[in-house]
>>> print(open('run_6.txt').read())   # compact mmCIF, C-alpha atoms
# COMPACT_ATOMS: atom_id res chain seq x y z
CA MET R 43 5.48 238.41 79.75
CA SER R 44 6.25 241.60 81.64
CA ALA R 45 3.44 243.84 82.82
CA ARG R 46 4.46 246.47 80.25
CA ASN R 47 4.30 244.02 77.33
CA ILE R 48 0.82 242.61 77.90
CA PRO R 49 -2.02 243.33 75.45
CA VAL R 50 -3.74 246.60 76.33
CA ILE R 51 -7.35 246.95 75.17
CA ALA R 52 -8.69 250.53 75.15
CA VAL R 53 -12.38 251.33 74.75
CA THR R 54 -13.59 254.80 73.85
CA GLY R 55 -16.72 256.22 72.21
CA SER R 56 -19.66 258.47 72.94
CA ALA R 57 -21.71 255.72 74.60
CA GLY R 58 -21.24 252.12 75.68
CA LYS R 59 -17.66 252.35 76.97
CA THR R 60 -18.21 250.87 80.41
CA THR R 61 -20.51 248.07 79.25
CA THR R 62 -18.15 247.10 76.41
CA LYS R 63 -15.19 247.11 78.81
CA GLU R 64 -17.05 244.90 81.29
CA MET R 65 -18.06 242.45 78.56
CA ILE R 66 -14.50 242.17 77.25
CA ALA R 67 -13.12 241.69 80.76
CA SER R 68 -15.68 239.01 81.59
CA ILE R 69 -14.63 237.00 78.52
CA LEU R 70 -10.90 237.42 79.09
CA ARG R 71 -11.30 236.20 82.68
CA ARG R 72 -12.53 232.84 81.42
CA ARG R 73 -8.88 232.08 80.74
CA TRP R 74 -6.62 234.81 82.14
CA THR R 75 -5.89 236.97 85.15
CA ILE R 76 -6.36 240.50 83.89
CA PHE R 77 -6.31 244.15 84.98
CA LYS R 78 -9.53 246.11 84.48
CA SER R 79 -10.12 249.77 85.21
CA ALA R 80 -12.80 250.22 87.85
CA SER R 81 -16.22 251.79 87.31
CA ASN R 82 -15.96 254.70 84.83
CA TRP R 83 -12.60 256.00 86.07
CA ASN R 84 -11.59 256.91 82.56
CA LEU R 85 -9.77 260.25 82.49
CA PRO R 86 -6.02 260.57 81.73
CA LEU R 87 -5.15 260.95 85.43
CA ASN R 88 -6.84 257.60 86.10
CA THR R 89 -4.92 255.89 83.29
CA ARG R 90 -1.61 257.17 84.67
CA LYS R 91 -2.51 255.55 87.98
CA HIS R 92 -3.60 252.36 86.25
CA ALA R 93 -0.25 252.12 84.45
CA LYS R 94 1.48 252.05 87.84
CA GLN R 95 -0.82 249.29 89.07
CA LEU R 96 0.12 246.79 86.36
CA ARG R 97 2.23 243.94 87.72
CA ALA R 98 3.65 240.62 86.64
CA GLY R 99 0.94 238.01 86.44
CA TYR R 100 -1.56 240.04 84.46
CA ARG R 101 -2.11 238.62 81.00
CA ALA R 102 -4.00 241.65 79.63
CA ALA R 103 -5.37 245.04 80.62
CA VAL R 104 -8.73 246.47 79.53
CA LEU R 105 -9.54 250.12 80.18
CA GLU R 106 -11.87 252.94 79.21
CA PHE R 107 -10.28 255.95 77.57
CA GLY R 108 -12.68 258.80 78.28
CA MET R 109 -12.35 262.38 77.04
CA LEU R 110 -13.71 265.77 77.96
CA ARG R 111 -11.68 267.63 75.34
CA LYS R 112 -9.24 267.15 72.47
CA GLY R 113 -5.90 265.74 73.55
CA HIS R 114 -7.27 263.56 76.34
CA ILE R 115 -7.11 260.29 74.41
CA ARG R 116 -3.58 261.08 73.25
CA GLU R 117 -2.66 261.49 76.92
CA HIS R 118 -4.17 258.07 77.69
CA CYS R 119 -2.07 256.46 74.97
CA ARG R 120 1.11 258.04 76.33
CA SER R 121 0.51 256.28 79.66
CA LEU R 122 -0.58 252.94 78.20
CA LYS R 123 -0.23 252.32 74.48
CA PRO R 124 -3.11 250.11 73.31
CA SER R 125 -2.56 247.14 71.06
CA TYR R 126 -6.34 246.74 70.68
CA GLY R 127 -8.75 249.66 70.33
CA VAL R 128 -12.54 250.00 70.24
CA ILE R 129 -14.45 253.13 69.23
CA THR R 130 -18.01 252.18 70.11
CA ASN R 131 -19.63 255.07 68.22
CA VAL R 132 -19.32 258.79 67.51
CA GLY R 133 -22.16 260.80 69.03
CA THR R 134 -22.70 264.09 70.80
CA ALA R 135 -21.50 263.48 74.37
CA HIS R 136 -19.34 266.46 75.49
CA ILE R 137 -19.87 268.12 72.11
CA GLY R 138 -19.76 271.56 73.76
CA ASN R 139 -16.08 270.98 74.61
CA VAL R 140 -14.91 270.26 71.05
CA GLY R 141 -16.25 273.07 68.91
CA HIS R 142 -19.96 272.16 69.10
CA ARG R 143 -19.66 269.88 66.06
CA VAL R 144 -19.76 266.11 65.62
CA GLN R 145 -16.59 266.45 63.55
CA GLY R 146 -14.88 267.67 66.73
CA ILE R 147 -15.93 264.50 68.55
CA ALA R 148 -14.67 262.34 65.67
CA SER R 149 -11.34 264.19 65.62
CA ALA R 150 -10.88 263.69 69.36
CA LYS R 151 -11.80 260.00 69.16
CA SER R 152 -9.42 259.54 66.20
CA GLU R 153 -6.54 260.18 68.57
CA LEU R 154 -6.90 256.54 69.60
CA ILE R 155 -6.32 255.44 66.00
CA ARG R 156 -3.26 257.65 65.60
CA HIS R 157 -1.60 256.88 68.93
CA MET R 158 -2.34 253.18 69.54
CA ARG R 159 0.10 250.59 68.23
CA GLN R 160 -0.03 250.89 64.46
CA THR R 161 0.26 247.13 64.06
CA GLY R 162 -2.66 246.53 66.43
CA THR R 163 -6.36 245.77 65.98
CA LEU R 164 -9.06 248.44 65.75
CA VAL R 165 -12.82 247.82 66.04
CA LEU R 166 -15.37 250.29 64.61
CA ASN R 167 -19.17 250.38 64.28
CA ALA R 168 -20.27 249.86 60.66
CA ASP R 169 -23.82 251.08 61.41
CA ASN R 170 -22.86 254.37 63.10
CA ALA R 171 -22.91 257.00 60.34
CA ASN R 172 -20.65 259.37 62.26
CA SER R 173 -17.92 256.73 62.49
CA LYS R 174 -17.20 257.55 58.84
CA LEU R 175 -15.75 260.81 60.15
CA LEU R 176 -12.98 258.96 62.01
CA THR R 177 -9.47 259.26 60.58
CA VAL R 178 -8.42 255.72 59.64
CA LYS R 179 -6.16 256.66 56.74
CA GLY R 180 -2.61 255.57 57.49
CA PHE R 181 -3.55 252.98 60.11
CA GLN R 182 -1.45 249.90 59.31
CA GLY R 183 -3.08 247.41 61.67
CA LYS R 184 -6.15 245.21 61.37
CA LEU R 185 -9.47 247.05 61.01
CA LEU R 186 -12.57 245.11 62.08
CA LYS R 187 -16.15 246.33 61.83
CA VAL R 188 -19.22 245.25 63.78
CA GLY R 189 -22.84 245.79 62.83
CA ILE R 190 -26.41 244.65 62.54
CA ARG R 191 -27.54 246.34 59.31
CA ASN R 192 -24.42 246.99 57.25
CA LYS R 193 -21.66 244.74 55.97
CA SER R 194 -19.28 243.91 58.81
CA HIS R 195 -16.80 241.31 60.02
CA TYR R 196 -18.93 240.52 63.08
CA LYS R 197 -22.63 240.84 62.31
CA ALA R 198 -25.52 240.05 64.66
CA ARG R 199 -28.44 238.15 63.15
CA GLY R 200 -31.64 236.66 64.50
CA ILE R 201 -31.90 239.15 67.36
CA ARG R 202 -34.60 238.17 69.87
CA PHE R 203 -35.63 240.32 72.83
CA LEU R 204 -36.37 238.03 75.75
CA GLY R 205 -37.67 238.78 79.24
CA GLN R 206 -34.24 238.92 80.85
CA GLY R 207 -32.01 239.86 77.96
CA VAL R 208 -31.24 239.55 74.27
CA ALA R 209 -30.30 236.49 72.20
CA PHE R 210 -28.59 236.73 68.83
CA GLN R 211 -26.27 234.89 66.45
CA VAL R 212 -22.85 235.76 65.04
CA ARG R 213 -20.91 233.76 62.46
CA LEU R 214 -17.49 232.75 63.80
CA ASN R 215 -15.06 230.52 61.91
CA GLY R 216 -17.76 229.62 59.39
CA LYS R 217 -20.32 228.58 62.01
CA ASP R 218 -23.36 230.44 63.38
CA GLU R 219 -22.82 230.80 67.12
CA ARG R 220 -25.58 231.71 69.57
CA PHE R 221 -25.04 234.30 72.30
CA PHE R 222 -27.10 235.79 75.12
CA ILE R 223 -26.57 238.98 77.10
CA PRO R 224 -28.48 239.56 80.38
CA CYS R 225 -29.56 243.09 79.46
CA LEU R 226 -32.06 244.68 77.11
CA GLY R 227 -31.62 247.20 74.33
CA VAL R 228 -30.27 246.80 70.82
CA HIS R 229 -27.41 249.17 71.73
CA ASN R 230 -26.10 246.46 74.05
CA VAL R 231 -25.94 244.05 71.11
CA TYR R 232 -23.42 246.46 69.56
CA ASN R 233 -21.46 246.48 72.82
CA ALA R 234 -21.43 242.68 72.79
CA LEU R 235 -20.27 242.65 69.16
CA ASN R 236 -17.32 244.86 70.14
CA ALA R 237 -16.41 242.36 72.85
CA ILE R 238 -16.79 239.43 70.47
CA ALA R 239 -14.58 241.09 67.84
CA ILE R 240 -11.81 241.87 70.30
CA THR R 241 -11.72 238.52 72.11
CA HIS R 242 -12.21 236.37 69.01
CA SER R 243 -9.30 238.17 67.34
CA MET R 244 -7.27 237.37 70.48
CA GLY R 245 -7.96 233.66 70.04
CA PHE R 246 -10.79 233.08 72.50
CA THR R 247 -13.26 230.34 71.59
CA ALA R 248 -16.97 230.78 70.94
CA GLY R 249 -17.67 228.86 74.16
CA GLU R 250 -15.49 231.17 76.23
CA ILE R 251 -17.07 234.23 74.64
CA ARG R 252 -20.58 232.84 75.20
CA LYS R 253 -19.97 232.18 78.90
CA GLY R 254 -18.28 235.54 79.44
CA LEU R 255 -21.10 237.52 77.87
CA ALA R 256 -23.78 235.59 79.75
CA LYS R 257 -22.15 236.37 83.09
CA TYR R 258 -20.77 239.88 82.70
CA PRO R 259 -21.49 242.27 85.61
CA ILE R 260 -24.04 244.91 84.62
CA PRO R 261 -22.64 248.41 85.35
CA TYR R 262 -24.20 250.35 88.22
CA ARG R 263 -27.27 252.52 87.43
CA ARG R 264 -27.17 251.72 83.74
CA LEU R 265 -30.57 250.37 82.70
CA VAL R 266 -31.07 248.52 85.98
CA ARG R 267 -34.55 247.02 85.93
CA THR R 268 -36.60 246.48 89.08
CA GLU R 269 -39.85 244.53 88.81
CA LEU R 270 -42.66 245.56 91.15
CA PRO R 271 -46.03 243.87 91.77
CA ARG R 272 -49.02 244.75 89.61
CA ARG R 273 -46.72 244.76 86.57
CA ILE R 274 -44.78 247.86 87.49
CA THR R 275 -41.32 248.03 85.89
CA LEU R 276 -38.73 250.57 87.06
CA ILE R 277 -35.74 251.29 84.79
CA ASP R 278 -32.82 253.11 86.47
CA ASP R 279 -30.49 254.71 83.90
CA THR R 280 -29.33 257.62 86.04
CA PHE R 281 -25.54 257.32 85.91
CA SER R 282 -24.96 259.64 82.95
CA SER R 283 -26.73 261.05 79.92
CA ASN R 284 -26.21 262.27 76.37
CA PRO R 285 -28.56 262.41 73.36
CA ASP R 286 -27.57 259.06 71.89
CA ALA R 287 -27.70 257.24 75.22
CA THR R 288 -31.09 258.79 76.01
CA LYS R 289 -32.51 257.65 72.68
CA ALA R 290 -31.18 254.13 73.36
CA ALA R 291 -32.86 254.19 76.78
CA LEU R 292 -36.14 255.25 75.17
CA ASP R 293 -35.81 252.33 72.75
CA THR R 294 -35.41 250.04 75.74
CA LEU R 295 -38.47 251.51 77.44
CA ALA R 296 -40.46 250.98 74.24
CA SER R 297 -39.45 247.31 74.19
CA VAL R 298 -40.89 246.60 77.66
CA SER R 299 -44.28 244.89 77.52
CA ARG R 300 -46.37 247.27 79.63
CA LYS R 301 -49.62 249.11 78.87
CA HIS R 302 -48.45 252.49 80.22
CA LYS R 303 -44.98 253.94 79.67
CA ILE R 304 -43.57 256.96 81.46
CA ALA R 305 -40.24 258.60 80.59
CA ILE R 306 -38.61 260.86 83.19
CA ILE R 307 -35.73 262.62 81.44
CA GLY R 308 -33.33 265.13 82.95
CA TYR R 309 -31.13 267.64 81.20
CA MET R 310 -27.80 266.70 79.57
CA LYS R 311 -24.53 268.49 80.33
CA ASP R 312 -21.48 269.53 78.27
CA MET R 313 -23.60 270.30 75.22
CA GLY R 314 -22.53 273.91 74.69
CA LYS R 315 -24.11 275.59 71.64
CA TYR R 316 -25.55 272.19 70.67
CA ALA R 317 -27.66 272.06 73.85
CA ILE R 318 -30.98 273.29 72.46
CA ARG R 319 -30.69 271.22 69.30
CA GLY R 320 -29.64 268.09 71.25
CA HIS R 321 -32.45 268.33 73.81
CA ASP R 322 -35.01 269.17 71.12
CA GLY R 323 -33.94 266.11 69.13
CA VAL R 324 -34.43 263.85 72.15
CA GLY R 325 -37.96 265.23 72.56
CA LYS R 326 -38.82 264.58 68.92
CA TYR R 327 -37.47 261.04 69.28
CA ALA R 328 -39.49 260.46 72.47
CA ALA R 329 -42.67 261.55 70.67
CA ARG R 330 -42.34 258.51 68.38
CA LYS R 331 -42.18 256.03 71.25
CA ARG R 332 -45.88 255.88 72.19
CA LEU R 333 -45.32 257.13 75.72
CA THR R 334 -48.18 257.62 78.14
CA ARG R 335 -46.43 260.55 79.80
CA LEU R 336 -43.21 262.51 79.42
CA TYR R 337 -41.72 264.30 82.43
CA THR R 338 -38.60 266.49 82.11
CA VAL R 339 -36.35 267.79 84.88
CA GLY R 340 -34.14 270.88 84.72
CA LYS R 341 -34.17 274.13 82.75
CA LEU R 342 -32.51 272.77 79.61
CA ALA R 343 -34.78 269.74 79.62
CA ARG R 344 -37.69 272.03 78.78
CA HIS R 345 -36.36 271.83 75.22
CA ILE R 346 -37.04 268.07 75.35
CA ALA R 347 -40.67 268.88 76.14
CA ALA R 348 -40.75 271.48 73.35
CA GLY R 349 -39.34 269.02 70.84
CA ALA R 350 -41.95 266.42 71.78
CA ARG R 351 -44.77 268.93 71.37
CA LYS R 352 -43.46 270.02 67.96
CA ALA R 353 -43.41 266.37 66.90
CA GLY R 354 -47.08 265.96 67.81
CA PHE R 355 -46.93 264.55 71.34
CA PRO R 356 -50.00 265.83 73.28
CA ALA R 357 -49.07 268.77 75.51
CA THR R 358 -51.49 267.53 78.20
CA ARG R 359 -49.28 264.47 78.71
CA ILE R 360 -46.05 266.46 79.18
CA ARG R 361 -44.88 268.10 82.40
CA SER R 362 -41.61 269.96 83.03
CA PHE R 363 -40.11 270.42 86.48
CA ALA R 364 -37.37 272.76 87.66
CA SER R 365 -36.29 270.44 90.45
CA ARG R 366 -36.43 266.88 91.68
CA PRO R 367 -38.73 267.59 94.70
CA GLN R 368 -41.34 269.06 92.35
CA LEU R 369 -41.17 265.92 90.26
CA HIS R 370 -41.61 263.73 93.35
CA ARG R 371 -44.74 265.58 94.42
CA ALA R 372 -46.23 265.05 90.98
CA LEU R 373 -45.33 261.34 90.94
CA ALA R 374 -46.79 260.56 94.37
CA GLY R 375 -49.85 258.37 93.95
CA THR R 376 -50.03 258.66 90.16
CA ILE R 377 -48.42 255.39 89.04
CA LYS R 378 -50.97 253.01 87.55
CA PRO R 379 -50.66 249.22 87.37
CA ASP R 380 -49.07 247.77 84.23
CA THR R 381 -46.61 250.67 83.85
CA ALA R 382 -42.95 250.89 82.83
CA ILE R 383 -41.03 253.94 84.11
CA LEU R 384 -37.68 255.09 82.71
CA ILE R 385 -35.58 257.47 84.82
CA LYS R 386 -32.74 258.98 82.77
CA GLY R 387 -30.47 261.98 83.35
CA THR R 388 -27.04 263.33 84.17
CA HIS R 389 -25.60 262.25 87.52
CA LEU R 390 -25.60 265.92 88.57
CA LEU R 391 -29.39 265.75 88.92
CA LYS R 392 -29.14 262.80 91.33
CA LEU R 393 -32.17 261.15 89.79
CA GLU R 394 -31.19 257.95 91.57
CA LYS R 395 -33.00 259.64 94.46
CA THR R 396 -36.15 259.54 92.34
CA VAL R 397 -35.65 255.80 91.95
CA SER R 398 -35.29 255.50 95.73
CA PHE R 399 -38.33 257.74 96.26
CA LEU R 400 -40.52 255.47 94.14
CA LYS R 401 -39.28 252.41 95.99
CA ARG R 402 -39.82 253.99 99.42
CA SER R 403 -43.28 255.20 98.44
CA SER R 404 -44.27 251.74 97.35
CA SER R 405 -42.92 250.20 100.56
CA ARG R 406 -44.96 252.64 102.68
CA LYS R 407 -48.08 251.80 100.74
CA ARG R 408 -47.41 248.13 101.27
CA SER R 409 -47.03 248.65 105.02
CA LYS R 410 -50.33 250.56 105.22
CA GLY R 411 -52.09 247.80 103.37
CA ARG R 412 -50.77 245.15 105.74
CA SER R 413 -51.64 247.13 108.87
CA GLY R 414 -55.31 247.21 107.86
CA LYS R 415 -55.35 250.90 106.94
CA SER R 416 -56.85 252.04 103.69
CA ARG R 417 -54.90 250.55 100.83
CA ALA R 418 -53.87 252.98 98.12
CA ARG R 419 -55.61 252.39 94.84
CA ASN R 420 -52.37 252.06 92.86
CA THR R 421 -50.30 250.17 95.45
CA PHE R 422 -46.99 248.74 94.29
CA PHE R 423 -43.93 247.56 96.18
CA VAL R 424 -40.38 246.42 95.55
CA LYS R 425 -39.50 242.84 94.77
CA LYS R 426 -36.06 241.41 94.02
CA PRO R 427 -34.55 243.61 91.30
CA LYS R 428 -33.84 242.27 87.85
CA ILE R 429 -30.99 243.86 85.95
CA PHE R 430 -30.56 244.50 82.24
>>> encode(input="run_6.txt", output="structure tokens")
Amino acid sequence: MSARNIPVIAVTGSAGKTTTKEMIASILRRRWTIFKSASNWNLPLNTRKHAKQLRAGYRAAVLEFGMLRKGHIREHCRSLKPSYGVITNVGTAHIGNVGHRVQGIASAKSELIRHMRQTGTLVLNADNANSKLLTVKGFQGKLLKVGIRNKSHYKARGIRFLGQGVAFQVRLNGKDERFFIPCLGVHNVYNALNAIAITHSMGFTAGEIRKGLAKYPIPYRRLVRTELPRRITLIDDTFSSNPDATKAALDTLASVSRKHKIAIIGYMKDMGKYAIRGHDGVGKYAARKRLTRLYTVGKLARHIAAGARKAGFPATRIRSFASRPQLHRALAGTIKPDTAILIKGTHLLKLEKTVSFLKRSSSRKRSKGRSGKSRARNTFFVKKPKIF
């Protein structure tokens, strides 16, 4: 099989692209040598470079097809025509670049359906209402749907949230098969279902799929969990942000068994005229999550705070900051034992520095305690990180 004739699996969608790609790749590698696009290098220029890197010996290629505007996914398909396609969901990421309407996102994502191989296999989310806006009419290939609530070809049942991940069942070939993913959040069950649908349709066994999912590499700064003493849990989700991904991160925070829960949420970019509505909606969603405190960072993120207040979240438990240093000053010495902290925002804010700040602060407190100096009342320090 020449490099140009191998199966090409393309993953696009408003959220979950990188995780779905990594899960698919981990399963395929149980049997094959494959090509996988690195990190989130997912713009058309990257795909043109990836096409040149394919060589004899690869049995498949799995890539993200990202978009900032209409036409981008068509460009991807011109460089590498997918035989398998996944549209994880249709949300509001980059909505400001496509007419400020969800229909614009759906139209741009539908380019994958129109320009992939028309005899190929397409996977869609049966539970994502906006996926109904995708243009599937005329597609001659196999259409598979994944879901948890609605009727689908690959449906997760018996979902159990465990300390280090999520267990669930999917019926394959008439038999209920058990799977485990080493990450939390129901949104990652959908990502796993995408991977199961693709690889099962390619002939991979339940055992191969099970092992691949259990050992997939968790993407960098995407819901990375660090456990600290005194039941402090730090959740680093600072790689990127959009309304749907932020709501999923808040769901994950809510699922952590801690008495106090703090959400630190930065502004979201590429929202255009939808910016106020999108940030406001995140705030209203956060208000339902029984948070102890809500901190926002950046001018636009003030609309998150406003949305939370309108939804009934106490104003005394909300603080908005213009910059990261202001946030750090407020955080210093205020973290109580038995607390989970979510840090979420666009990479432009560099909130990974807030994660580092909290870790450094805890290390300094630990050193003071050991040297016999006065121990801080709320001392915590970094242990080996756990990832989900």
>>> closest_residue(input="run_6.txt", among="R:Ala209, R:Leu175, R:Gln95, R:Ala168", to="Arg191 in chain R", atoms="only C-alpha atoms")
R:Ala168
>>> atom_distance(input="run_6.txt", atom1="CA of Lys94 in chain R", atom2="CA of Glu106 in chain R")
15.9 Å
>>> residues_around(input="run_6.txt", residues="Ile223 in chain R", least_positions_apart="3", cutoff="7 Å", atoms="only C-alpha atoms", output="number ranges by chain")
R: 207-209, 255-256
>>> axis_aligned_box(input="run_6.txt", around="range 175-178 of chain R", padding_each_side="5 Å", output="lines of an AutoDock Vina configuration file")
center_x = -12.1
center_y = 258.3
center_z = 60.8
size_x = 17.3
size_y = 15.1
size_z = 12.4
>>> residues_around(input="run_6.txt", residues="Pro356 in chain R", least_positions_apart="4", cutoff="12 Å", atoms="all atoms listed in the file", output="PyMOL selection string")
chain R and resi 328-330+332-336+347-352+360-361
>>> atom_distance(input="run_6.txt", atom1="CA of Leu110 in chain R", atom2="CA of Thr288 in chain R")
18.8 Å
>>> atom_distance(input="run_6.txt", atom1="CA of Lys174 in chain R", atom2="CA of Arg156 in chain R")
15.5 Å
>>> residues_near_point(input="run_6.txt", point="(-38.2, 243.3, 76.5)", cutoff="6 Å", atoms="all atoms listed in the file", output="list in words")
Phe203, Leu204, Gly205, Ser297 and Val298 of chain R
>>> closest_residue(input="run_6.txt", among="R:Pro49, R:Gly55, R:Gly245, R:Gly227", to="Arg73 in chain R", atoms="only C-alpha atoms")
R:Gly245
>>> closest_residue(input="run_6.txt", among="R:Ile385, R:Ala372, R:Ile238, R:Ala148", to="Lys253 in chain R", atoms="all atoms listed in the file")
R:Ile238
>>> residues_near_point(input="run_6.txt", point="(-45.9, 252.3, 79.2)", cutoff="9 Å", atoms="only C-alpha atoms", output="PyMOL selection string")
chain R and resi 295-296+298-305+332-335+380-383
>>> closest_residue(input="run_6.txt", among="R:Ala239, R:Pro124, R:Val132, R:Tyr316", to="Val188 in chain R", atoms="all atoms listed in the file")
R:Ala239
>>> closest_residue(input="run_6.txt", among="R:Arg71, R:Lys123, R:Lys193, R:Lys59", to="Ile251 in chain R", atoms="all atoms listed in the file")
R:Arg71
>>> closest_residue(input="run_6.txt", among="R:Ala52, R:Ile277, R:Leu96, R:Leu214", to="Arg159 in chain R", atoms="only C-alpha atoms")
R:Ala52
>>> residues_around(input="run_6.txt", residues="Lys341 in chain R", least_positions_apart="3", cutoff="8 Å", atoms="all atoms listed in the file", output="VMD selection string")
chain R and resid 309 344 363 to 364
>>> residues_around(input="run_6.txt", residues="Arg252 in chain R", least_positions_apart="3", cutoff="12 Å", atoms="all atoms listed in the file", output="ChimeraX atom specification")
/R:65-66,68-70,72,209-212,214,219-224,234-235,237-238,241-242,246-249,255-258
>>> write_last_selection(input="run_6.txt", atoms="C-alpha atoms", output="PDB file, in the frame of the given file")
ATOM      1  CA  MET R  65     -18.060 242.450  78.560  1.00  0.00           C
ATOM      2  CA  ILE R  66     -14.500 242.170  77.250  1.00  0.00           C
ATOM      3  CA  SER R  68     -15.680 239.010  81.590  1.00  0.00           C
ATOM      4  CA  ILE R  69     -14.630 237.000  78.520  1.00  0.00           C
ATOM      5  CA  LEU R  70     -10.900 237.420  79.090  1.00  0.00           C
ATOM      6  CA  ARG R  72     -12.530 232.840  81.420  1.00  0.00           C
ATOM      7  CA  ALA R 209     -30.300 236.490  72.200  1.00  0.00           C
ATOM      8  CA  PHE R 210     -28.590 236.730  68.830  1.00  0.00           C
ATOM      9  CA  GLN R 211     -26.270 234.890  66.450  1.00  0.00           C
ATOM     10  CA  VAL R 212     -22.850 235.760  65.040  1.00  0.00           C
ATOM     11  CA  LEU R 214     -17.490 232.750  63.800  1.00  0.00           C
ATOM     12  CA  GLU R 219     -22.820 230.800  67.120  1.00  0.00           C
ATOM     13  CA  ARG R 220     -25.580 231.710  69.570  1.00  0.00           C
ATOM     14  CA  PHE R 221     -25.040 234.300  72.300  1.00  0.00           C
ATOM     15  CA  PHE R 222     -27.100 235.790  75.120  1.00  0.00           C
ATOM     16  CA  ILE R 223     -26.570 238.980  77.100  1.00  0.00           C
ATOM     17  CA  PRO R 224     -28.480 239.560  80.380  1.00  0.00           C
ATOM     18  CA  ALA R 234     -21.430 242.680  72.790  1.00  0.00           C
ATOM     19  CA  LEU R 235     -20.270 242.650  69.160  1.00  0.00           C
ATOM     20  CA  ALA R 237     -16.410 242.360  72.850  1.00  0.00           C
ATOM     21  CA  ILE R 238     -16.790 239.430  70.470  1.00  0.00           C
ATOM     22  CA  THR R 241     -11.720 238.520  72.110  1.00  0.00           C
ATOM     23  CA  HIS R 242     -12.210 236.370  69.010  1.00  0.00           C
ATOM     24  CA  PHE R 246     -10.790 233.080  72.500  1.00  0.00           C
ATOM     25  CA  THR R 247     -13.260 230.340  71.590  1.00  0.00           C
ATOM     26  CA  ALA R 248     -16.970 230.780  70.940  1.00  0.00           C
ATOM     27  CA  GLY R 249     -17.670 228.860  74.160  1.00  0.00           C
ATOM     28  CA  LEU R 255     -21.100 237.520  77.870  1.00  0.00           C
ATOM     29  CA  ALA R 256     -23.780 235.590  79.750  1.00  0.00           C
ATOM     30  CA  LYS R 257     -22.150 236.370  83.090  1.00  0.00           C
ATOM     31  CA  TYR R 258     -20.770 239.880  82.700  1.00  0.00           C
TER      32      TYR R 258
END
>>> residues_around(input="run_6.txt", residues="Ile240 in chain R", least_positions_apart="6", cutoff="8 Å", atoms="only C-alpha atoms", output="list of chain:residue names")
R:Ile66, R:Tyr126, R:Thr163, R:Val165
